[in-house]
file final_15.cif (mmCIF, C-alpha atoms; chains and numbers go by the auth columns)
data_input
loop_
_atom_site.group_PDB
_atom_site.id
_atom_site.type_symbol
_atom_site.label_atom_id
_atom_site.label_comp_id
_atom_site.label_asym_id
_atom_site.label_seq_id
_atom_site.Cartn_x
_atom_site.Cartn_y
_atom_site.Cartn_z
_atom_site.B_iso_or_equiv
_atom_site.auth_seq_id
_atom_site.auth_asym_id
ATOM 1 C CA ALA A 1 46.924 79.451 1.907 0.00 275 A
ATOM 2 C CA LEU A 2 43.561 77.814 2.312 0.00 276 A
ATOM 3 C CA GLY A 3 42.552 74.783 4.333 0.00 277 A
ATOM 4 C CA LEU A 4 39.527 72.544 3.862 0.00 278 A
ATOM 5 C CA VAL A 5 38.701 70.367 6.871 0.00 279 A
ATOM 6 C CA SER A 6 35.847 67.976 7.588 0.00 280 A
ATOM 7 C CA GLU A 7 34.506 67.035 10.989 0.00 281 A
ATOM 8 C CA ALA A 8 34.017 63.356 10.148 0.00 282 A
ATOM 9 C CA GLY A 9 35.296 62.453 6.722 0.00 283 A
ATOM 10 C CA MET A 10 37.589 63.328 3.873 0.00 284 A
ATOM 11 C CA PRO A 11 36.747 66.643 2.189 0.00 285 A
ATOM 12 C CA ALA A 12 35.420 66.195 -1.360 0.00 286 A
ATOM 13 C CA ILE A 13 35.080 62.406 -0.951 0.00 287 A
ATOM 14 C CA ALA A 14 31.652 61.516 0.430 0.00 288 A
ATOM 15 C CA ASP A 15 31.810 64.969 1.955 0.00 289 A
ATOM 16 C CA PRO A 16 31.305 68.538 0.686 0.00 290 A
ATOM 17 C CA GLY A 17 34.286 70.295 -0.812 0.00 291 A
ATOM 18 C CA THR A 18 34.439 69.474 -4.513 0.00 292 A
ATOM 19 C CA ALA A 19 33.415 73.008 -5.555 0.00 293 A
ATOM 20 C CA ILE A 20 36.143 74.549 -3.394 0.00 294 A
ATOM 21 C CA VAL A 21 38.803 72.216 -4.813 0.00 295 A
ATOM 22 C CA ARG A 22 37.682 72.989 -8.375 0.00 296 A
ATOM 23 C CA ALA A 23 37.763 76.718 -7.643 0.00 297 A
ATOM 24 C CA ALA A 24 41.292 76.428 -6.259 0.00 298 A
ATOM 25 C CA HIS A 25 42.449 74.646 -9.425 0.00 299 A
ATOM 26 C CA ALA A 26 40.743 77.272 -11.604 0.00 300 A
ATOM 27 C CA LEU A 27 42.477 80.057 -9.696 0.00 301 A
ATOM 28 C CA GLY A 28 45.866 78.351 -9.888 0.00 302 A
ATOM 29 C CA ILE A 29 46.006 77.720 -6.155 0.00 303 A
ATOM 30 C CA PRO A 30 48.039 74.590 -5.380 0.00 304 A
ATOM 31 C CA VAL A 31 45.924 71.742 -3.979 0.00 305 A
ATOM 32 C CA VAL A 32 47.785 69.541 -1.508 0.00 306 A
ATOM 33 C CA PRO A 33 45.769 66.667 -0.036 0.00 307 A
ATOM 34 C CA LEU A 34 46.816 65.514 3.408 0.00 308 A
ATOM 35 C CA THR A 35 46.439 61.972 4.636 0.00 309 A
ATOM 36 C CA GLY A 36 44.317 60.971 7.556 0.00 310 A
ATOM 37 C CA PRO A 37 41.632 58.451 8.392 0.00 311 A
ATOM 38 C CA VAL A 38 39.093 58.041 5.595 0.00 312 A
ATOM 39 C CA SER A 39 36.109 55.984 6.723 0.00 313 A
ATOM 40 C CA LEU A 40 35.451 54.573 3.242 0.00 314 A
ATOM 41 C CA MET A 41 38.917 53.066 2.963 0.00 315 A
ATOM 42 C CA LEU A 42 38.957 51.902 6.579 0.00 316 A
ATOM 43 C CA ALA A 43 35.613 50.139 6.102 0.00 317 A
ATOM 44 C CA LEU A 44 36.741 48.531 2.864 0.00 318 A
ATOM 45 C CA ALA A 45 39.950 47.310 4.474 0.00 319 A
ATOM 46 C CA ALA A 46 38.031 45.845 7.433 0.00 320 A
ATOM 47 C CA SER A 47 35.264 44.272 5.315 0.00 321 A
ATOM 48 C CA GLY A 48 37.005 41.213 3.940 0.00 322 A
ATOM 49 C CA CYS A 49 35.608 42.139 0.516 0.00 323 A
ATOM 50 C CA GLN A 50 37.573 42.697 -2.690 0.00 324 A
ATOM 51 C CA GLY A 51 39.744 45.774 -2.253 0.00 325 A
ATOM 52 C CA GLN A 52 41.300 45.741 -5.717 0.00 326 A
ATOM 53 C CA HIS A 53 38.096 46.451 -7.620 0.00 327 A
ATOM 54 C CA PHE A 54 35.422 48.532 -5.904 0.00 328 A
ATOM 55 C CA ALA A 55 33.004 51.395 -6.425 0.00 329 A
ATOM 56 C CA PHE A 56 31.816 54.045 -4.015 0.00 330 A
ATOM 57 C CA VAL A 57 28.168 54.726 -4.847 0.00 331 A
ATOM 58 C CA GLY A 58 27.289 57.326 -2.204 0.00 332 A
ATOM 59 C CA TYR A 59 23.831 57.351 -0.656 0.00 333 A
ATOM 60 C CA LEU A 60 21.049 54.974 -1.632 0.00 334 A
ATOM 61 C CA PRO A 61 17.485 56.185 -2.301 0.00 335 A
ATOM 62 C CA GLN A 62 15.360 56.955 0.765 0.00 336 A
ATOM 63 C CA GLY A 63 12.132 55.363 -0.456 0.00 337 A
ATOM 64 C CA ALA A 64 11.759 51.694 0.495 0.00 338 A
ATOM 65 C CA ALA A 65 10.970 50.408 -3.003 0.00 339 A
ATOM 66 C CA GLU A 66 13.695 52.469 -4.676 0.00 340 A
ATOM 67 C CA ARG A 67 16.213 51.499 -1.995 0.00 341 A
ATOM 68 C CA ALA A 68 15.399 47.791 -2.389 0.00 342 A
ATOM 69 C CA ALA A 69 15.771 48.038 -6.170 0.00 343 A
ATOM 70 C CA ARG A 70 19.112 49.831 -5.846 0.00 344 A
ATOM 71 C CA LEU A 71 20.381 47.198 -3.387 0.00 345 A
ATOM 72 C CA ARG A 72 19.486 44.423 -5.854 0.00 346 A
ATOM 73 C CA GLU A 73 21.240 46.357 -8.628 0.00 347 A
ATOM 74 C CA LEU A 74 24.385 46.822 -6.536 0.00 348 A
ATOM 75 C CA GLU A 75 24.362 43.165 -5.539 0.00 349 A
ATOM 76 C CA ALA A 76 24.035 42.077 -9.175 0.00 350 A
ATOM 77 C CA THR A 77 26.972 44.323 -10.106 0.00 351 A
ATOM 78 C CA ALA A 78 29.056 42.959 -7.242 0.00 352 A
ATOM 79 C CA HIS A 79 28.453 39.369 -8.326 0.00 353 A
ATOM 80 C CA ARG A 80 28.722 39.971 -12.090 0.00 354 A
ATOM 81 C CA LEU A 81 31.891 42.088 -11.988 0.00 355 A
ATOM 82 C CA ARG A 82 33.324 40.857 -8.669 0.00 356 A
ATOM 83 C CA GLN A 83 33.351 44.546 -7.738 0.00 357 A
ATOM 84 C CA THR A 84 32.803 45.530 -4.118 0.00 358 A
ATOM 85 C CA GLN A 85 30.114 48.185 -3.624 0.00 359 A
ATOM 86 C CA VAL A 86 30.639 50.777 -0.883 0.00 360 A
ATOM 87 C CA PHE A 87 27.836 53.087 0.259 0.00 361 A
ATOM 88 C CA ILE A 88 26.891 55.299 3.174 0.00 362 A
ATOM 89 C CA GLU A 89 23.789 56.461 4.980 0.00 363 A
ATOM 90 C CA THR A 90 22.879 59.057 7.561 0.00 364 A
ATOM 91 C CA PRO A 91 22.820 57.681 11.105 0.00 365 A
ATOM 92 C CA TYR A 92 19.053 58.044 11.509 0.00 366 A
ATOM 93 C CA ARG A 93 18.477 55.801 8.444 0.00 367 A
ATOM 94 C CA ASN A 94 21.172 53.174 9.133 0.00 368 A
ATOM 95 C CA ALA A 95 18.757 50.707 10.738 0.00 369 A
ATOM 96 C CA ALA A 96 16.300 50.923 7.830 0.00 370 A
ATOM 97 C CA LEU A 97 19.063 50.387 5.282 0.00 371 A
ATOM 98 C CA LEU A 98 20.455 47.423 7.194 0.00 372 A
ATOM 99 C CA GLN A 99 16.986 45.882 7.471 0.00 373 A
ATOM 100 C CA ALA A 100 16.390 46.363 3.737 0.00 374 A
ATOM 101 C CA ALA A 101 19.741 44.759 2.937 0.00 375 A
ATOM 102 C CA LEU A 102 19.061 41.753 5.148 0.00 376 A
ATOM 103 C CA GLN A 103 15.591 41.294 3.642 0.00 377 A
ATOM 104 C CA GLY A 104 16.527 41.765 0.005 0.00 378 A
ATOM 105 C CA LEU A 105 20.039 40.467 -0.549 0.00 379 A
ATOM 106 C CA ARG A 106 21.033 36.913 -1.462 0.00 380 A
ATOM 107 C CA PRO A 107 22.155 34.693 1.444 0.00 381 A
ATOM 108 C CA ASP A 108 25.636 34.215 -0.064 0.00 382 A
ATOM 109 C CA THR A 109 26.350 37.939 -0.507 0.00 383 A
ATOM 110 C CA ARG A 110 28.909 39.378 1.887 0.00 384 A
ATOM 111 C CA LEU A 111 27.825 42.430 3.856 0.00 385 A
ATOM 112 C CA ALA A 112 29.996 44.517 6.129 0.00 386 A
ATOM 113 C CA LEU A 113 28.906 47.421 8.288 0.00 387 A
ATOM 114 C CA ALA A 114 31.446 49.733 9.899 0.00 388 A
ATOM 115 C CA CYS A 115 30.022 52.152 12.480 0.00 389 A
ATOM 116 C CA GLY A 116 31.779 55.097 14.101 0.00 390 A
ATOM 117 C CA LEU A 117 35.182 54.400 12.581 0.00 391 A
ATOM 118 C CA GLY A 118 37.937 56.231 14.412 0.00 392 A
ATOM 119 C CA LEU A 119 35.912 56.519 17.617 0.00 393 A
ATOM 120 C CA PRO A 120 36.541 54.499 20.787 0.00 394 A
ATOM 121 C CA THR A 121 33.085 52.940 20.271 0.00 395 A
ATOM 122 C CA GLN A 122 33.698 51.881 16.656 0.00 396 A
ATOM 123 C CA ALA A 123 32.326 48.530 15.542 0.00 397 A
ATOM 124 C CA VAL A 124 32.771 46.509 12.362 0.00 398 A
ATOM 125 C CA HIS A 125 30.857 43.365 11.488 0.00 399 A
ATOM 126 C CA ALA A 126 31.293 41.435 8.252 0.00 400 A
ATOM 127 C CA ALA A 127 29.602 38.186 7.261 0.00 401 A
ATOM 128 C CA ARG A 128 27.451 36.534 4.637 0.00 402 A
ATOM 129 C CA VAL A 129 23.857 37.803 4.660 0.00 403 A
ATOM 130 C CA ALA A 130 22.694 34.342 5.813 0.00 404 A
ATOM 131 C CA ASP A 131 24.900 34.693 8.898 0.00 405 A
ATOM 132 C CA TRP A 132 23.643 38.222 9.598 0.00 406 A
ATOM 133 C CA ARG A 133 20.077 36.899 9.482 0.00 407 A
ATOM 134 C CA ARG A 134 20.856 33.982 11.780 0.00 408 A
ATOM 135 C CA GLN A 135 22.723 36.034 14.369 0.00 409 A
ATOM 136 C CA PRO A 136 22.438 39.826 13.967 0.00 410 A
ATOM 137 C CA PRO A 137 25.109 41.660 15.963 0.00 411 A
ATOM 138 C CA ALA A 138 24.478 44.611 18.244 0.00 412 A
ATOM 139 C CA LEU A 139 25.971 47.593 16.428 0.00 413 A
ATOM 140 C CA PRO A 140 25.967 51.325 17.277 0.00 414 A
ATOM 141 C CA LEU A 141 23.703 52.219 14.344 0.00 415 A
ATOM 142 C CA HIS A 142 23.248 55.749 15.716 0.00 416 A
ATOM 143 C CA LEU A 143 26.813 56.529 14.546 0.00 417 A
ATOM 144 C CA PRO A 144 27.953 57.364 10.999 0.00 418 A
ATOM 145 C CA ALA A 145 28.309 54.091 9.091 0.00 419 A
ATOM 146 C CA VAL A 146 29.784 52.688 5.914 0.00 420 A
ATOM 147 C CA PHE A 147 28.154 49.681 4.221 0.00 421 A
ATOM 148 C CA VAL A 148 30.234 47.311 2.087 0.00 422 A
ATOM 149 C CA LEU A 149 28.646 44.701 -0.166 0.00 423 A
ATOM 150 C CA GLY A 150 30.594 42.072 -2.043 0.00 424 A
ATOM 151 C CA THR A 151 31.190 38.466 -2.940 0.00 425 A
#
call {"tool": "encode", "arguments": {"input": "final_15.cif", "output": "structure tokens"}}
result
Amino acid sequence: ALGLVSEAGMPAIADPGTAIVRAAHALGIPVVPLTGPVSLMLALAASGCQGQHFAFVGYLPQGAAERAARLRELEATAHRLRQTQVFIETPYRNAALLQAALQGLRPDTRLALACGLGLPTQAVHAARVADWRRQPPALPLHLPAVFVLGT
């Protein structure tokens, strides 16, 4: 028997572990996923965005210009396909990503940010970008966060 555990996520989903799961399949070892809190799904459920049609796109580029371009691309996809876009960032870059989103996204785009899900200090805020700009909430951006962008 072999167990794969993550300290803050779901192994092999936005978390290391894919290679181990593939190796287990190749060796004929049964793979039995266990349920538990998965921050991506919790954030999507709390976002108020479309939960029937979504894409998890991982991390966005670190460079400001590349990040801004990727945000515009994700926003265009969200509006064109009515497909919610879910992405993550490391805690030390959460503030920069949020700032880039608020500067570059359309006012009518919905943005949700879920910080520290599963912790007593968790916080979720979801609103149109125009509302974020008008009244930005105080969020624990130093915690792991999931960003959700939709229509």
call {"tool": "atom_distance", "arguments": {"input": "final_15.cif", "atom1": "atom CA of A:Asn368", "atom2": "atom CA of A:Leu345"}}
result
13.9 Å
call {"tool": "atom_distance", "arguments": {"input": "final_15.cif", "atom1": "atom CA of A:Arg356", "atom2": "atom CA of A:Leu423"}}
result
10.4 Å
call {"tool": "residues_around", "arguments": {"input": "final_15.cif", "residues": "A:Phe361", "least_positions_apart": "3", "cutoff": "10 Å", "atoms": "only C-alpha atoms", "output": "ChimeraX atom specification"}}
result
/A:288,314,329-334,348,387,419-423
call {"tool": "closest_residue", "arguments": {"input": "final_15.cif", "among": "A:His399, A:Arg407, A:Arg341, A:Arg384", "to": "A:Ala370", "atoms": "only C-alpha atoms"}}
result
A:Arg341
call {"tool": "closest_residue", "arguments": {"input": "final_15.cif", "among": "A:Pro418, A:Gly310, A:Gly322, A:Pro381", "to": "A:Gln396", "atoms": "only C-alpha atoms"}}
result
A:Pro418
call {"tool": "residues_around", "arguments": {"input": "final_15.cif", "residues": "A:Ala338", "least_positions_apart": "5", "cutoff": "10 Å", "atoms": "all atoms listed in the file", "output": "list in words"}}
result
Ala343, Arg344, Ala370, Leu371 and Ala374 of chain A
call {"tool": "residues_near_point", "arguments": {"input": "final_15.cif", "point": "(29.3, 49.6, 10.8)", "cutoff": "12 Å", "atoms": "all atoms listed in the file", "output": "compact mmCIF listing (two decimals) with C-alpha atoms, in the frame of the given file"}}
result
# COMPACT_ATOMS: atom_id res chain seq x y z
CA SER A 313 36.11 55.98 6.72
CA LEU A 314 35.45 54.57 3.24
CA LEU A 316 38.96 51.90 6.58
CA ALA A 317 35.61 50.14 6.10
CA LEU A 318 36.74 48.53 2.86
CA ALA A 320 38.03 45.84 7.43
CA SER A 321 35.26 44.27 5.32
CA VAL A 360 30.64 50.78 -0.88
CA PHE A 361 27.84 53.09 0.26
CA ILE A 362 26.89 55.30 3.17
CA GLU A 363 23.79 56.46 4.98
CA THR A 364 22.88 59.06 7.56
CA PRO A 365 22.82 57.68 11.10
CA ASN A 368 21.17 53.17 9.13
CA ALA A 369 18.76 50.71 10.74
CA LEU A 371 19.06 50.39 5.28
CA LEU A 372 20.45 47.42 7.19
CA LEU A 385 27.82 42.43 3.86
CA ALA A 386 30.00 44.52 6.13
CA LEU A 387 28.91 47.42 8.29
CA ALA A 388 31.45 49.73 9.90
CA CYS A 389 30.02 52.15 12.48
CA GLY A 390 31.78 55.10 14.10
CA LEU A 391 35.18 54.40 12.58
CA GLY A 392 37.94 56.23 14.41
CA LEU A 393 35.91 56.52 17.62
CA THR A 395 33.08 52.94 20.27
CA GLN A 396 33.70 51.88 16.66
CA ALA A 397 32.33 48.53 15.54
CA VAL A 398 32.77 46.51 12.36
CA HIS A 399 30.86 43.36 11.49
CA ALA A 400 31.29 41.44 8.25
CA ALA A 401 29.60 38.19 7.26
CA PRO A 411 25.11 41.66 15.96
CA ALA A 412 24.48 44.61 18.24
CA LEU A 413 25.97 47.59 16.43
CA PRO A 414 25.97 51.32 17.28
CA LEU A 415 23.70 52.22 14.34
CA HIS A 416 23.25 55.75 15.72
CA LEU A 417 26.81 56.53 14.55
CA PRO A 418 27.95 57.36 11.00
CA ALA A 419 28.31 54.09 9.09
CA VAL A 420 29.78 52.69 5.91
CA PHE A 421 28.15 49.68 4.22
CA VAL A 422 30.23 47.31 2.09
call {"tool": "decode", "arguments": {"input": "final_15.cif", "residues": "stretch 275-318 of chain A", "atoms": "C-alpha atoms", "output": "PDB file, in the first residue's frame"}}
result
ATOM      1  CA  ALA A 275       0.000   0.000   0.000  1.00  0.00           C
ATOM      2  CA  LEU A 276       1.147   3.496  -0.786  1.00  0.00           C
ATOM      3  CA  GLY A 277      -0.272   6.829   0.292  1.00  0.00           C
ATOM      4  CA  LEU A 278       0.172  10.217  -1.354  1.00  0.00           C
ATOM      5  CA  VAL A 279      -0.716  13.172   0.872  1.00  0.00           C
ATOM      6  CA  SER A 280      -0.453  16.921   0.366  1.00  0.00           C
ATOM      7  CA  GLU A 281      -0.077  19.530   3.068  1.00  0.00           C
ATOM      8  CA  ALA A 282      -2.436  22.035   1.442  1.00  0.00           C
ATOM      9  CA  GLY A 283      -4.106  20.682  -1.651  1.00  0.00           C
ATOM     10  CA  MET A 284      -5.163  17.645  -3.599  1.00  0.00           C
ATOM     11  CA  PRO A 285      -2.250  15.486  -4.777  1.00  0.00           C
ATOM     12  CA  ALA A 286      -1.800  15.561  -8.565  1.00  0.00           C
ATOM     13  CA  ILE A 287      -4.292  18.434  -8.988  1.00  0.00           C
ATOM     14  CA  ALA A 288      -2.520  21.787  -8.723  1.00  0.00           C
ATOM     15  CA  ASP A 289      -0.070  19.872  -6.577  1.00  0.00           C
ATOM     16  CA  PRO A 290       2.812  17.447  -7.226  1.00  0.00           C
ATOM     17  CA  GLY A 291       1.971  13.785  -7.550  1.00  0.00           C
ATOM     18  CA  THR A 292       1.126  13.056 -11.176  1.00  0.00           C
ATOM     19  CA  ALA A 293       4.349  11.079 -11.750  1.00  0.00           C
ATOM     20  CA  ILE A 294       3.670   8.889  -8.711  1.00  0.00           C
ATOM     21  CA  VAL A 295       0.093   8.182  -9.824  1.00  0.00           C
ATOM     22  CA  ARG A 296       1.285   7.303 -13.338  1.00  0.00           C
ATOM     23  CA  ALA A 297       3.957   5.008 -11.909  1.00  0.00           C
ATOM     24  CA  ALA A 298       1.370   3.244  -9.754  1.00  0.00           C
ATOM     25  CA  HIS A 299      -0.841   2.638 -12.801  1.00  0.00           C
ATOM     26  CA  ALA A 300       2.150   1.366 -14.799  1.00  0.00           C
ATOM     27  CA  LEU A 301       3.046  -1.054 -12.016  1.00  0.00           C
ATOM     28  CA  GLY A 302      -0.531  -2.284 -11.660  1.00  0.00           C
ATOM     29  CA  ILE A 303      -0.938  -0.779  -8.206  1.00  0.00           C
ATOM     30  CA  PRO A 304      -4.573   0.161  -7.552  1.00  0.00           C
ATOM     31  CA  VAL A 305      -5.123   3.928  -7.308  1.00  0.00           C
ATOM     32  CA  VAL A 306      -7.901   4.905  -4.912  1.00  0.00           C
ATOM     33  CA  PRO A 307      -8.534   8.644  -4.581  1.00  0.00           C
ATOM     34  CA  LEU A 308      -9.956   9.788  -1.270  1.00  0.00           C
ATOM     35  CA  THR A 309     -12.212  12.780  -0.879  1.00  0.00           C
ATOM     36  CA  GLY A 310     -11.360  15.807   1.156  1.00  0.00           C
ATOM     37  CA  PRO A 311     -11.301  19.564   0.781  1.00  0.00           C
ATOM     38  CA  VAL A 312      -9.959  20.674  -2.595  1.00  0.00           C
ATOM     39  CA  SER A 313      -9.348  24.419  -2.680  1.00  0.00           C
ATOM     40  CA  LEU A 314     -10.052  24.701  -6.417  1.00  0.00           C
ATOM     41  CA  MET A 315     -13.542  23.260  -6.086  1.00  0.00           C
ATOM     42  CA  LEU A 316     -14.270  25.147  -2.871  1.00  0.00           C
ATOM     43  CA  ALA A 317     -13.261  28.435  -4.513  1.00  0.00           C
ATOM     44  CA  LEU A 318     -15.329  27.711  -7.602  1.00  0.00           C
TER      45      LEU A 318
END
